[in-house]
$ cat run_14.pdb   # PDB, C-alpha atoms, pLDDT in the B column
MODEL        1
ATOM      1  CA  MET A   1     104.526 144.356 112.747  1.00 69.00           C
ATOM      2  CA  GLY A   2     103.337 140.812 113.329  1.00 70.00           C
ATOM      3  CA  SER A   3     100.052 141.361 111.528  1.00 77.00           C
ATOM      4  CA  TYR A   4     101.882 143.032 108.615  1.00 73.00           C
ATOM      5  CA  LEU A   5     104.145 140.015 108.202  1.00 77.00           C
ATOM      6  CA  SER A   6     101.337 137.470 108.500  1.00 78.00           C
ATOM      7  CA  ASP A   7      99.151 139.301 105.978  1.00 77.00           C
ATOM      8  CA  ARG A   8     101.946 139.593 103.403  1.00 78.00           C
ATOM      9  CA  TRP A   9     104.050 136.508 104.112  1.00 85.00           C
ATOM     10  CA  PRO A  10     103.586 134.906 100.658  1.00 89.00           C
ATOM     11  CA  GLN A  11     104.537 138.165  98.896  1.00 92.00           C
ATOM     12  CA  ILE A  12     107.579 138.617 101.165  1.00 89.00           C
ATOM     13  CA  LEU A  13     108.802 135.067 100.508  1.00 92.00           C
ATOM     14  CA  SER A  14     108.280 135.460  96.763  1.00 94.00           C
ATOM     15  CA  ALA A  15     110.118 138.803  96.658  1.00 93.00           C
ATOM     16  CA  SER A  16     112.931 137.377  98.811  1.00 94.00           C
ATOM     17  CA  TRP A  17     113.408 134.438  96.458  1.00 95.00           C
ATOM     18  CA  GLN A  18     113.407 136.774  93.445  1.00 95.00           C
ATOM     19  CA  HIS A  19     116.003 138.953  95.165  1.00 95.00           C
ATOM     20  CA  PHE A  20     118.243 136.000  95.969  1.00 96.00           C
ATOM     21  CA  SER A  21     117.841 134.501  92.494  1.00 96.00           C
ATOM     22  CA  LEU A  22     118.610 137.805  90.763  1.00 95.00           C
ATOM     23  CA  VAL A  23     121.830 138.365  92.709  1.00 96.00           C
ATOM     24  CA  ALA A  24     122.967 134.724  92.477  1.00 96.00           C
ATOM     25  CA  GLN A  25     122.425 134.486  88.714  1.00 96.00           C
ATOM     26  CA  CYS A  26     124.127 137.825  88.049  1.00 96.00           C
ATOM     27  CA  LEU A  27     127.019 136.761  90.292  1.00 97.00           C
ATOM     28  CA  LEU A  28     127.457 133.539  88.312  1.00 97.00           C
ATOM     29  CA  LEU A  29     127.323 135.373  84.987  1.00 97.00           C
ATOM     30  CA  ALA A  30     129.759 138.035  86.196  1.00 97.00           C
ATOM     31  CA  THR A  31     132.201 135.376  87.429  1.00 97.00           C
ATOM     32  CA  VAL A  32     132.305 133.672  84.025  1.00 97.00           C
ATOM     33  CA  ILE A  33     132.811 137.001  82.245  1.00 97.00           C
ATOM     34  CA  ALA A  34     135.456 138.174  84.737  1.00 96.00           C
ATOM     35  CA  ILE A  35     137.503 134.981  84.436  1.00 96.00           C
ATOM     36  CA  PHE A  36     137.312 135.181  80.649  1.00 96.00           C
ATOM     37  CA  ILE A  37     138.505 138.803  80.598  1.00 95.00           C
ATOM     38  CA  ALA A  38     141.218 138.112  83.172  1.00 95.00           C
ATOM     39  CA  ALA A  39     142.453 135.141  81.140  1.00 94.00           C
ATOM     40  CA  LEU A  40     142.929 137.461  78.181  1.00 94.00           C
ATOM     41  CA  CYS A  41     144.633 140.225  80.157  1.00 93.00           C
ATOM     42  CA  TYR A  42     146.662 138.881  83.070  1.00 91.00           C
ATOM     43  CA  ARG A  43     149.834 138.113  81.127  1.00 87.00           C
ATOM     44  CA  SER A  44     150.031 141.703  79.838  1.00 89.00           C
ATOM     45  CA  LYS A  45     150.823 144.517  82.260  1.00 89.00           C
ATOM     46  CA  THR A  46     149.209 147.006  79.890  1.00 92.00           C
ATOM     47  CA  LEU A  47     145.952 145.083  79.527  1.00 92.00           C
ATOM     48  CA  SER A  48     145.862 144.310  83.252  1.00 92.00           C
ATOM     49  CA  GLY A  49     146.323 147.999  84.021  1.00 92.00           C
ATOM     50  CA  VAL A  50     143.495 148.943  81.666  1.00 93.00           C
ATOM     51  CA  ALA A  51     141.202 146.305  83.169  1.00 92.00           C
ATOM     52  CA  ASN A  52     142.001 147.462  86.715  1.00 90.00           C
ATOM     53  CA  SER A  53     141.421 151.090  85.766  1.00 92.00           C
ATOM     54  CA  VAL A  54     138.074 150.290  84.183  1.00 90.00           C
ATOM     55  CA  SER A  55     136.988 148.333  87.254  1.00 90.00           C
ATOM     56  CA  ALA A  56     138.060 151.172  89.553  1.00 89.00           C
ATOM     57  CA  VAL A  57     136.198 153.782  87.508  1.00 91.00           C
ATOM     58  CA  GLY A  58     133.158 151.535  87.201  1.00 90.00           C
ATOM     59  CA  LEU A  59     132.763 151.390  90.968  1.00 87.00           C
ATOM     60  CA  THR A  60     132.418 155.189  91.082  1.00 91.00           C
ATOM     61  CA  ILE A  61     129.320 155.179  88.827  1.00 91.00           C
ATOM     62  CA  PRO A  62     126.158 155.659  90.939  1.00 90.00           C
ATOM     63  CA  SER A  63     123.973 152.575  90.571  1.00 89.00           C
ATOM     64  CA  PHE A  64     120.775 154.644  90.577  1.00 86.00           C
ATOM     65  CA  ALA A  65     122.046 156.715  87.642  1.00 90.00           C
ATOM     66  CA  LEU A  66     123.184 153.655  85.705  1.00 92.00           C
ATOM     67  CA  LEU A  67     119.784 152.022  86.169  1.00 91.00           C
ATOM     68  CA  GLY A  68     118.165 155.155  84.814  1.00 89.00           C
ATOM     69  CA  LEU A  69     120.412 155.136  81.760  1.00 91.00           C
ATOM     70  CA  MET A  70     119.457 151.523  81.025  1.00 92.00           C
ATOM     71  CA  ILE A  71     115.765 152.386  80.671  1.00 90.00           C
ATOM     72  CA  ALA A  72     116.200 153.876  77.191  1.00 89.00           C
ATOM     73  CA  PRO A  73     117.850 150.859  75.503  1.00 92.00           C
ATOM     74  CA  LEU A  74     116.330 148.077  77.628  1.00 92.00           C
ATOM     75  CA  GLY A  75     113.058 149.432  78.985  1.00 90.00           C
ATOM     76  CA  PHE A  76     111.692 148.455  82.381  1.00 91.00           C
ATOM     77  CA  GLY A  77     111.765 145.081  84.098  1.00 88.00           C
ATOM     78  CA  VAL A  78     114.321 142.324  84.529  1.00 92.00           C
ATOM     79  CA  ALA A  79     116.695 143.196  81.661  1.00 93.00           C
ATOM     80  CA  PRO A  80     118.117 146.500  83.024  1.00 93.00           C
ATOM     81  CA  ALA A  81     118.351 145.013  86.510  1.00 93.00           C
ATOM     82  CA  VAL A  82     120.383 142.044  85.226  1.00 95.00           C
ATOM     83  CA  VAL A  83     122.724 144.245  83.166  1.00 95.00           C
ATOM     84  CA  VAL A  84     123.438 146.669  86.008  1.00 95.00           C
ATOM     85  CA  LEU A  85     123.864 143.981  88.678  1.00 95.00           C
ATOM     86  CA  THR A  86     126.143 141.925  86.458  1.00 96.00           C
ATOM     87  CA  PHE A  87     128.216 145.045  85.774  1.00 95.00           C
ATOM     88  CA  TYR A  88     128.711 145.778  89.482  1.00 95.00           C
ATOM     89  CA  CYS A  89     129.312 142.106  90.307  1.00 95.00           C
ATOM     90  CA  LEU A  90     131.957 141.935  87.592  1.00 95.00           C
ATOM     91  CA  LEU A  91     134.215 144.677  88.923  1.00 94.00           C
ATOM     92  CA  PRO A  92     135.573 143.186  92.204  1.00 94.00           C
ATOM     93  CA  ILE A  93     135.724 139.695  90.701  1.00 96.00           C
ATOM     94  CA  LEU A  94     137.750 140.928  87.733  1.00 96.00           C
ATOM     95  CA  ARG A  95     140.267 142.706  89.947  1.00 95.00           C
ATOM     96  CA  ASN A  96     140.679 139.643  92.142  1.00 96.00           C
ATOM     97  CA  ALA A  97     140.931 137.330  89.129  1.00 96.00           C
ATOM     98  CA  LEU A  98     143.757 139.435  87.706  1.00 95.00           C
ATOM     99  CA  VAL A  99     145.574 139.427  91.042  1.00 94.00           C
ATOM    100  CA  GLY A 100     145.020 135.715  91.575  1.00 94.00           C
ATOM    101  CA  LEU A 101     146.159 134.622  88.114  1.00 94.00           C
ATOM    102  CA  ALA A 102     149.173 136.923  88.131  1.00 92.00           C
ATOM    103  CA  GLY A 103     150.198 135.571  91.537  1.00 91.00           C
ATOM    104  CA  VAL A 104     150.445 131.925  90.492  1.00 89.00           C
ATOM    105  CA  ASP A 105     153.998 130.645  90.960  1.00 87.00           C
ATOM    106  CA  ARG A 106     155.681 130.568  87.563  1.00 87.00           C
ATOM    107  CA  SER A 107     157.566 127.389  88.473  1.00 88.00           C
ATOM    108  CA  LEU A 108     154.241 125.542  88.706  1.00 86.00           C
ATOM    109  CA  ILE A 109     153.283 126.743  85.249  1.00 86.00           C
ATOM    110  CA  GLU A 110     156.657 125.757  83.824  1.00 87.00           C
ATOM    111  CA  ALA A 111     156.394 122.337  85.456  1.00 89.00           C
ATOM    112  CA  ALA A 112     152.959 121.824  83.930  1.00 86.00           C
ATOM    113  CA  ARG A 113     154.221 122.775  80.511  1.00 84.00           C
ATOM    114  CA  GLY A 114     157.219 120.528  81.054  1.00 87.00           C
ATOM    115  CA  ILE A 115     155.028 117.446  81.454  1.00 89.00           C
ATOM    116  CA  GLY A 116     153.249 118.194  78.192  1.00 84.00           C
ATOM    117  CA  MET A 117     150.224 120.246  79.216  1.00 86.00           C
ATOM    118  CA  SER A 118     148.926 122.704  76.647  1.00 86.00           C
ATOM    119  CA  SER A 119     148.335 126.358  77.503  1.00 86.00           C
ATOM    120  CA  MET A 120     144.614 125.648  77.917  1.00 89.00           C
ATOM    121  CA  GLU A 121     145.210 122.650  80.154  1.00 89.00           C
ATOM    122  CA  THR A 122     147.704 124.603  82.245  1.00 91.00           C
ATOM    123  CA  PHE A 123     145.212 127.402  82.718  1.00 91.00           C
ATOM    124  CA  PHE A 124     142.281 125.217  83.785  1.00 90.00           C
ATOM    125  CA  LYS A 125     144.218 122.581  85.750  1.00 89.00           C
ATOM    126  CA  VAL A 126     146.909 124.706  87.393  1.00 90.00           C
ATOM    127  CA  GLU A 127     146.452 128.469  87.165  1.00 93.00           C
ATOM    128  CA  LEU A 128     142.696 128.756  87.691  1.00 93.00           C
ATOM    129  CA  PRO A 129     142.585 126.355  90.686  1.00 92.00           C
ATOM    130  CA  MET A 130     145.494 128.226  92.312  1.00 92.00           C
ATOM    131  CA  ALA A 131     143.799 131.597  91.729  1.00 94.00           C
ATOM    132  CA  TRP A 132     140.332 130.359  92.712  1.00 94.00           C
ATOM    133  CA  PRO A 133     140.509 131.333  96.438  1.00 94.00           C
ATOM    134  CA  VAL A 134     141.257 134.946  95.457  1.00 95.00           C
ATOM    135  CA  ILE A 135     138.499 134.918  92.835  1.00 96.00           C
ATOM    136  CA  LEU A 136     136.051 133.503  95.363  1.00 96.00           C
ATOM    137  CA  ALA A 137     136.923 136.299  97.778  1.00 95.00           C
ATOM    138  CA  GLY A 138     135.979 138.762  95.036  1.00 95.00           C
ATOM    139  CA  MET A 139     132.699 136.903  94.532  1.00 96.00           C
ATOM    140  CA  ARG A 140     131.863 137.301  98.218  1.00 95.00           C
ATOM    141  CA  VAL A 141     132.551 141.037  98.053  1.00 95.00           C
ATOM    142  CA  SER A 142     130.412 141.344  94.914  1.00 95.00           C
ATOM    143  CA  ALA A 143     127.543 139.372  96.449  1.00 95.00           C
ATOM    144  CA  GLN A 144     127.336 141.655  99.482  1.00 93.00           C
ATOM    145  CA  MET A 145     127.753 144.838  97.448  1.00 92.00           C
ATOM    146  CA  THR A 146     125.073 144.004  94.889  1.00 93.00           C
ATOM    147  CA  MET A 147     122.465 142.992  97.460  1.00 93.00           C
ATOM    148  CA  GLY A 148     121.784 146.687  97.961  1.00 89.00           C
ATOM    149  CA  VAL A 149     121.949 147.446  94.249  1.00 91.00           C
ATOM    150  CA  ALA A 150     119.347 144.723  93.650  1.00 93.00           C
ATOM    151  CA  ALA A 151     116.978 146.571  95.978  1.00 91.00           C
ATOM    152  CA  ILE A 152     117.443 149.784  93.974  1.00 90.00           C
ATOM    153  CA  SER A 153     116.507 147.890  90.795  1.00 89.00           C
ATOM    154  CA  ALA A 154     112.867 148.315  91.847  1.00 86.00           C
ATOM    155  CA  TYR A 155     113.272 151.781  90.314  1.00 83.00           C
ATOM    156  CA  VAL A 156     113.133 150.094  86.893  1.00 88.00           C
ATOM    157  CA  LEU A 157     110.477 147.614  88.073  1.00 84.00           C
ATOM    158  CA  GLY A 158     113.060 144.906  88.599  1.00 87.00           C
ATOM    159  CA  PRO A 159     112.300 141.863  90.793  1.00 88.00           C
ATOM    160  CA  GLY A 160     113.121 141.595  94.467  1.00 89.00           C
ATOM    161  CA  LEU A 161     112.545 143.311  97.785  1.00 91.00           C
ATOM    162  CA  GLY A 162     113.136 146.827  96.526  1.00 90.00           C
ATOM    163  CA  SER A 163     109.438 147.263  95.800  1.00 89.00           C
ATOM    164  CA  PHE A 164     108.725 147.055  99.543  1.00 89.00           C
ATOM    165  CA  ILE A 165     111.353 149.720 100.251  1.00 88.00           C
ATOM    166  CA  PHE A 166     110.187 152.110  97.527  1.00 87.00           C
ATOM    167  CA  SER A 167     106.544 151.562  98.479  1.00 85.00           C
ATOM    168  CA  GLY A 168     107.246 152.287 102.139  1.00 83.00           C
ATOM    169  CA  LEU A 169     109.331 155.373 101.416  1.00 84.00           C
ATOM    170  CA  SER A 170     106.710 156.776  99.051  1.00 81.00           C
ATOM    171  CA  ARG A 171     104.135 156.495 101.843  1.00 77.00           C
ATOM    172  CA  LEU A 172     106.446 157.572 104.669  1.00 74.00           C
ATOM    173  CA  GLY A 173     104.311 158.388 107.691  1.00 70.00           C
ATOM    174  CA  GLY A 174     101.369 156.453 106.306  1.00 74.00           C
ATOM    175  CA  ALA A 175      99.971 153.103 107.356  1.00 76.00           C
ATOM    176  CA  ASN A 176     102.528 150.271 107.355  1.00 76.00           C
ATOM    177  CA  SER A 177     105.168 152.388 105.609  1.00 82.00           C
ATOM    178  CA  PHE A 178     107.738 151.801 108.343  1.00 86.00           C
ATOM    179  CA  GLU A 179     106.933 148.089 108.498  1.00 86.00           C
ATOM    180  CA  SER A 180     107.358 147.778 104.729  1.00 89.00           C
ATOM    181  CA  VAL A 181     110.839 149.303 104.753  1.00 90.00           C
ATOM    182  CA  VAL A 182     112.058 147.444 107.832  1.00 91.00           C
ATOM    183  CA  THR A 183     110.784 144.102 106.531  1.00 91.00           C
ATOM    184  CA  ALA A 184     112.640 144.527 103.244  1.00 91.00           C
ATOM    185  CA  VAL A 185     115.872 145.711 104.869  1.00 93.00           C
ATOM    186  CA  VAL A 186     115.940 142.827 107.344  1.00 94.00           C
ATOM    187  CA  ALA A 187     115.135 140.342 104.573  1.00 94.00           C
ATOM    188  CA  VAL A 188     117.987 141.707 102.426  1.00 95.00           C
ATOM    189  CA  VAL A 189     120.429 141.310 105.335  1.00 94.00           C
ATOM    190  CA  ILE A 190     119.282 137.729 105.950  1.00 95.00           C
ATOM    191  CA  ILE A 191     119.584 136.853 102.246  1.00 96.00           C
ATOM    192  CA  ALA A 192     123.069 138.403 102.138  1.00 95.00           C
ATOM    193  CA  LEU A 193     124.152 136.244 105.078  1.00 96.00           C
ATOM    194  CA  ILE A 194     122.687 133.127 103.462  1.00 96.00           C
ATOM    195  CA  LEU A 195     124.443 133.776 100.158  1.00 96.00           C
ATOM    196  CA  ASP A 196     127.730 134.479 101.921  1.00 96.00           C
ATOM    197  CA  GLY A 197     127.370 131.198 103.796  1.00 96.00           C
ATOM    198  CA  LEU A 198     126.750 129.350 100.534  1.00 96.00           C
ATOM    199  CA  LEU A 199     129.867 130.919  99.009  1.00 96.00           C
ATOM    200  CA  LEU A 200     131.888 129.860 102.050  1.00 94.00           C
ATOM    201  CA  LEU A 201     130.565 126.331 101.574  1.00 94.00           C
ATOM    202  CA  LEU A 202     131.463 126.521  97.886  1.00 94.00           C
ATOM    203  CA  GLY A 203     134.994 127.414  98.905  1.00 92.00           C
ATOM    204  CA  ARG A 204     135.197 124.437 101.238  1.00 91.00           C
ATOM    205  CA  LEU A 205     134.051 122.154  98.430  1.00 91.00           C
ATOM    206  CA  THR A 206     136.131 123.567  95.580  1.00 89.00           C
ATOM    207  CA  ILE A 207     139.407 124.715  97.179  1.00 86.00           C
ATOM    208  CA  SER A 208     141.847 121.907  97.834  1.00 79.00           C
ATOM    209  CA  ARG A 209     142.946 121.393 101.425  1.00 75.00           C
ATOM    210  CA  GLY A 210     146.550 122.164 100.569  1.00 68.00           C
ATOM    211  CA  ILE A 211     145.674 125.600  99.178  1.00 71.00           C
ATOM    212  CA  ARG A 212     143.362 126.380 102.119  1.00 62.00           C
ATOM    213  CA  ALA A 213     146.124 125.578 104.526  1.00 52.00           C
TER     214      ALA A 213
ENDMDL
END
$ encode --input "run_14.pdb" --output "structure tokens"
Amino acid sequence: MGSYLSDRWPQILSASWQHFSLVAQCLLLATVIAIFIAALCYRSKTLSGVANSVSAVGLTIPSFALLGLMIAPLGFGVAPAVVVLTFYCLLPILRNALVGLAGVDRSLIEAARGIGMSSMETFFKVELPMAWPVILAGMRVSAQMTMGVAAISAYVLGPGLGSFIFSGLSRLGGANSFESVVTAVVAVVIIALILDGLLLLLGRLTISRGIRA
């Protein structure tokens, strides 16, 4: 195992960074999209119900199948991986954003409007900050969930550690096949822990002490 790691250390580090970067960028993109959709829907019970239903159904779609479907319109490489990961990242964040925004105390919103804030100002200065802890919790769930999906993206030649897993499984029983799979799995777990720690730090920096308490 030691010789396998030493011989392939640069490739492992490069694939690990690609894996982390892919998940982090898709998570950021999904968060922006989820907040935008939630902002359009949360005041309407009908639209919120539709959005929640779509997110629930979306989670039942097998990621491997969805990646395969993306090959026809997008081909192989980064594009299908980004689309599929962003889709799966979006679902928990959207549900949490709807819950968080709908749960903001109406008296706070009325007070903000009473001092002359516009609807846009009220949303960004009152509602979104109050809902942010719930949204961030959804981001943490999405980050952990899509770490595994990012590994499967190697099926469409996407970046990341999945290539080590697929390579090892295709040569199961052969030289270094076990080491290849174990290395990738352990690296994915470590990256997931690092990203979760960064999101916790983000929460400490962006959630006011009064809300945390």
$ residues_around --input "run_14.pdb" --residues "Leu27 of chain A" --least-positions-apart "6" --cutoff "7 Å" --atoms "only C-alpha atoms" --output "PDB file with C-alpha atoms, keeping the file's coordinate frame"
ATOM      1  CA  THR A  86     126.143 141.925  86.458  1.00 96.00           C
ATOM      2  CA  CYS A  89     129.312 142.106  90.307  1.00 95.00           C
ATOM      3  CA  ALA A 143     127.543 139.372  96.449  1.00 95.00           C
TER       4      ALA A 143
END
$ residues_around --input "run_14.pdb" --residues "Phe36 of chain A" --least-positions-apart "3" --cutoff "12 Å" --atoms "only C-alpha atoms" --output "mmCIF file with C-alpha atoms, keeping the file's coordinate frame"
data_model
loop_
_atom_site.group_PDB
_atom_site.id
_atom_site.type_symbol
_atom_site.label_atom_id
_atom_site.label_comp_id
_atom_site.auth_asym_id
_atom_site.auth_seq_id
_atom_site.Cartn_x
_atom_site.Cartn_y
_atom_site.Cartn_z
ATOM 1 C CA LEU A 29 127.323 135.373 84.987
ATOM 2 C CA ALA A 30 129.759 138.035 86.196
ATOM 3 C CA THR A 31 132.201 135.376 87.429
ATOM 4 C CA VAL A 32 132.305 133.672 84.025
ATOM 5 C CA ILE A 33 132.811 137.001 82.245
ATOM 6 C CA ALA A 39 142.453 135.141 81.140
ATOM 7 C CA LEU A 40 142.929 137.461 78.181
ATOM 8 C CA CYS A 41 144.633 140.225 80.157
ATOM 9 C CA TYR A 42 146.662 138.881 83.070
ATOM 10 C CA LEU A 90 131.957 141.935 87.592
ATOM 11 C CA ILE A 93 135.724 139.695 90.701
ATOM 12 C CA LEU A 94 137.750 140.928 87.733
ATOM 13 C CA ALA A 97 140.931 137.330 89.129
ATOM 14 C CA LEU A 98 143.757 139.435 87.706
ATOM 15 C CA LEU A 101 146.159 134.622 88.114
ATOM 16 C CA PHE A 123 145.212 127.402 82.718
ATOM 17 C CA PHE A 124 142.281 125.217 83.785
ATOM 18 C CA LEU A 128 142.696 128.756 87.691
#
$ resolve_selection --input "run_14.pdb" --expression "the PyMOL selection byres ((chain A and resi 157) around 6)" --output "PyMOL selection string"
chain A and resi 76-77+154-156+158
$ closest_residue --input "run_14.pdb" --among "A:Ser3, A:Val149, A:Val104, A:Lys125" --to "Ala65 of chain A" --atoms "all atoms listed in the file"
A:Val149
$ atom_distance --input "run_14.pdb" --atom1 "atom CA of Gln18 of chain A" --atom2 "atom CA of Val78 of chain A"
10.5 Å
$ residues_around --input "run_14.pdb" --residues "segment 162-177 of chain A" --least-positions-apart "5" --cutoff "8 Å" --atoms "only C-alpha atoms" --output "list of chain:residue names"
A:Tyr4, A:Ala150, A:Ala151, A:Ile152, A:Ser153, A:Ala154, A:Tyr155, A:Leu157, A:Val182, A:Thr183, A:Ala184, A:Val185
$ resolve_selection --input "run_14.pdb" --expression "the PyMOL selection byres ((chain A and resi 14) around 12)" --output "ChimeraX atom specification"
/A:8-13,15-21,159-161,163-164,184,187
$ resolve_selection --input "run_14.pdb" --expression "the PyMOL selection byres ((chain A and resi 132) around 9)" --output "VMD selection string"
chain A and resid 97 100 to 101 127 to 131 133 to 137 203 206 to 207
$ atom_distance --input "run_14.pdb" --atom1 "atom CA of Gly148 of chain A" --atom2 "atom CA of Pro80 of chain A"
15.4 Å
$ axis_aligned_box --input "run_14.pdb" --around "segment 97-112 of chain A" --padding-each-side "8 Å" --output "JSON"
{"center_x": 149.2, "center_y": 130.6, "center_z": 87.7, "size_x": 32.6, "size_y": 33.6, "size_z": 23.8}
$ closest_residue --input "run_14.pdb" --among "A:Leu67, A:Arg43, A:Glu121, A:Pro62" --to "Arg106 of chain A" --atoms "all atoms listed in the file"
A:Arg43
$ closest_residue --input "run_14.pdb" --among "A:Met117, A:Ala192, A:Leu108, A:Ile37" --to "Met145 of chain A" --atoms "only C-alpha atoms"
A:Ala192
$ closest_residue --input "run_14.pdb" --among "A:Ile191, A:Ala51, A:Leu69, A:Ala56" --to "Tyr88 of chain A" --atoms "all atoms listed in the file"
A:Ala56
$ atom_distance --input "run_14.pdb" --atom1 "atom CA of Val57 of chain A" --atom2 "atom CA of Val83 of chain A"
17.1 Å
$ decode --input "run_14.pdb" --residues "segment 6-13 of chain A" --atoms "all heavy atoms" --output "PDB file, in the first residue's frame"
ATOM      1  N   SER A   6       3.133   6.100  -2.720  1.00  0.00           N
ATOM      2  CA  SER A   6       4.319   6.898  -3.062  1.00  0.00           C
ATOM      3  C   SER A   6       4.499   7.011  -4.568  1.00  0.00           C
ATOM      4  O   SER A   6       4.913   8.063  -5.073  1.00  0.00           O
ATOM      5  CB  SER A   6       5.572   6.286  -2.422  1.00  0.00           C
ATOM      6  OG  SER A   6       5.781   4.955  -2.900  1.00  0.00           O
ATOM      7  N   ASP A   7       4.181   5.953  -5.305  1.00  0.00           N
ATOM      8  CA  ASP A   7       4.345   5.979  -6.756  1.00  0.00           C
ATOM      9  C   ASP A   7       3.300   6.869  -7.434  1.00  0.00           C
ATOM     10  O   ASP A   7       3.562   7.410  -8.516  1.00  0.00           O
ATOM     11  CB  ASP A   7       4.229   4.555  -7.324  1.00  0.00           C
ATOM     12  CG  ASP A   7       5.408   3.678  -6.934  1.00  0.00           C
ATOM     13  OD1 ASP A   7       6.433   4.240  -6.513  1.00  0.00           O
ATOM     14  OD2 ASP A   7       5.282   2.443  -7.036  1.00  0.00           O
ATOM     15  N   ARG A   8       2.138   7.013  -6.807  1.00  0.00           N
ATOM     16  CA  ARG A   8       1.038   7.736  -7.465  1.00  0.00           C
ATOM     17  C   ARG A   8       0.591   8.974  -6.676  1.00  0.00           C
ATOM     18  O   ARG A   8      -0.488   9.502  -6.927  1.00  0.00           O
ATOM     19  CB  ARG A   8      -0.160   6.785  -7.651  1.00  0.00           C
ATOM     20  CG  ARG A   8       0.123   5.650  -8.611  1.00  0.00           C
ATOM     21  CD  ARG A   8      -0.908   4.549  -8.499  1.00  0.00           C
ATOM     22  NE  ARG A   8      -0.654   3.473  -9.451  1.00  0.00           N
ATOM     23  CZ  ARG A   8       0.247   2.520  -9.248  1.00  0.00           C
ATOM     24  NH1 ARG A   8       0.984   2.512  -8.129  1.00  0.00           N
ATOM     25  NH2 ARG A   8       0.432   1.566 -10.160  1.00  0.00           N
ATOM     26  N   TRP A   9       1.411   9.430  -5.760  1.00  0.00           N
ATOM     27  CA  TRP A   9       1.029  10.547  -4.907  1.00  0.00           C
ATOM     28  C   TRP A   9       0.618  11.796  -5.689  1.00  0.00           C
ATOM     29  O   TRP A   9      -0.400  12.408  -5.367  1.00  0.00           O
ATOM     30  CB  TRP A   9       2.153  10.852  -3.929  1.00  0.00           C
ATOM     31  CG  TRP A   9       1.773  11.816  -2.851  1.00  0.00           C
ATOM     32  CD1 TRP A   9       2.298  13.040  -2.618  1.00  0.00           C
ATOM     33  CD2 TRP A   9       0.765  11.618  -1.853  1.00  0.00           C
ATOM     34  NE1 TRP A   9       1.688  13.635  -1.537  1.00  0.00           N
ATOM     35  CE2 TRP A   9       0.738  12.790  -1.046  1.00  0.00           C
ATOM     36  CE3 TRP A   9      -0.137  10.581  -1.565  1.00  0.00           C
ATOM     37  CZ2 TRP A   9      -0.145  12.942   0.020  1.00  0.00           C
ATOM     38  CZ3 TRP A   9      -1.003  10.744  -0.497  1.00  0.00           C
ATOM     39  CH2 TRP A   9      -1.002  11.898   0.274  1.00  0.00           C
ATOM     40  N   PRO A  10       1.367  12.217  -6.702  1.00  0.00           N
ATOM     41  CA  PRO A  10       0.942  13.409  -7.458  1.00  0.00           C
ATOM     42  C   PRO A  10      -0.424  13.235  -8.124  1.00  0.00           C
ATOM     43  O   PRO A  10      -1.248  14.162  -8.110  1.00  0.00           O
ATOM     44  CB  PRO A  10       2.048  13.577  -8.512  1.00  0.00           C
ATOM     45  CG  PRO A  10       3.233  12.908  -7.919  1.00  0.00           C
ATOM     46  CD  PRO A  10       2.681  11.739  -7.168  1.00  0.00           C
ATOM     47  N   GLN A  11      -0.689  12.053  -8.695  1.00  0.00           N
ATOM     48  CA  GLN A  11      -1.977  11.797  -9.332  1.00  0.00           C
ATOM     49  C   GLN A  11      -3.104  11.786  -8.308  1.00  0.00           C
ATOM     50  O   GLN A  11      -4.210  12.296  -8.564  1.00  0.00           O
ATOM     51  CB  GLN A  11      -1.955  10.461 -10.083  1.00  0.00           C
ATOM     52  CG  GLN A  11      -0.988  10.410 -11.242  1.00  0.00           C
ATOM     53  CD  GLN A  11       0.346   9.806 -10.845  1.00  0.00           C
ATOM     54  OE1 GLN A  11       0.896  10.157  -9.804  1.00  0.00           O
ATOM     55  NE2 GLN A  11       0.849   8.910 -11.674  1.00  0.00           N
ATOM     56  N   ILE A  12      -2.833  11.223  -7.118  1.00  0.00           N
ATOM     57  CA  ILE A  12      -3.856  11.169  -6.064  1.00  0.00           C
ATOM     58  C   ILE A  12      -4.198  12.581  -5.583  1.00  0.00           C
ATOM     59  O   ILE A  12      -5.376  12.927  -5.414  1.00  0.00           O
ATOM     60  CB  ILE A  12      -3.375  10.292  -4.889  1.00  0.00           C
ATOM     61  CG1 ILE A  12      -3.234   8.837  -5.343  1.00  0.00           C
ATOM     62  CG2 ILE A  12      -4.345  10.392  -3.715  1.00  0.00           C
ATOM     63  CD1 ILE A  12      -2.557   7.944  -4.333  1.00  0.00           C
ATOM     64  N   LEU A  13      -3.177  13.401  -5.363  1.00  0.00           N
ATOM     65  CA  LEU A  13      -3.413  14.779  -4.925  1.00  0.00           C
ATOM     66  C   LEU A  13      -4.186  15.569  -5.977  1.00  0.00           C
ATOM     67  O   LEU A  13      -5.106  16.329  -5.649  1.00  0.00           O
ATOM     68  CB  LEU A  13      -2.079  15.471  -4.636  1.00  0.00           C
ATOM     69  CG  LEU A  13      -1.376  15.100  -3.333  1.00  0.00           C
ATOM     70  CD1 LEU A  13      -0.068  15.876  -3.207  1.00  0.00           C
ATOM     71  CD2 LEU A  13      -2.262  15.363  -2.126  1.00  0.00           C
TER      72      LEU A  13
END
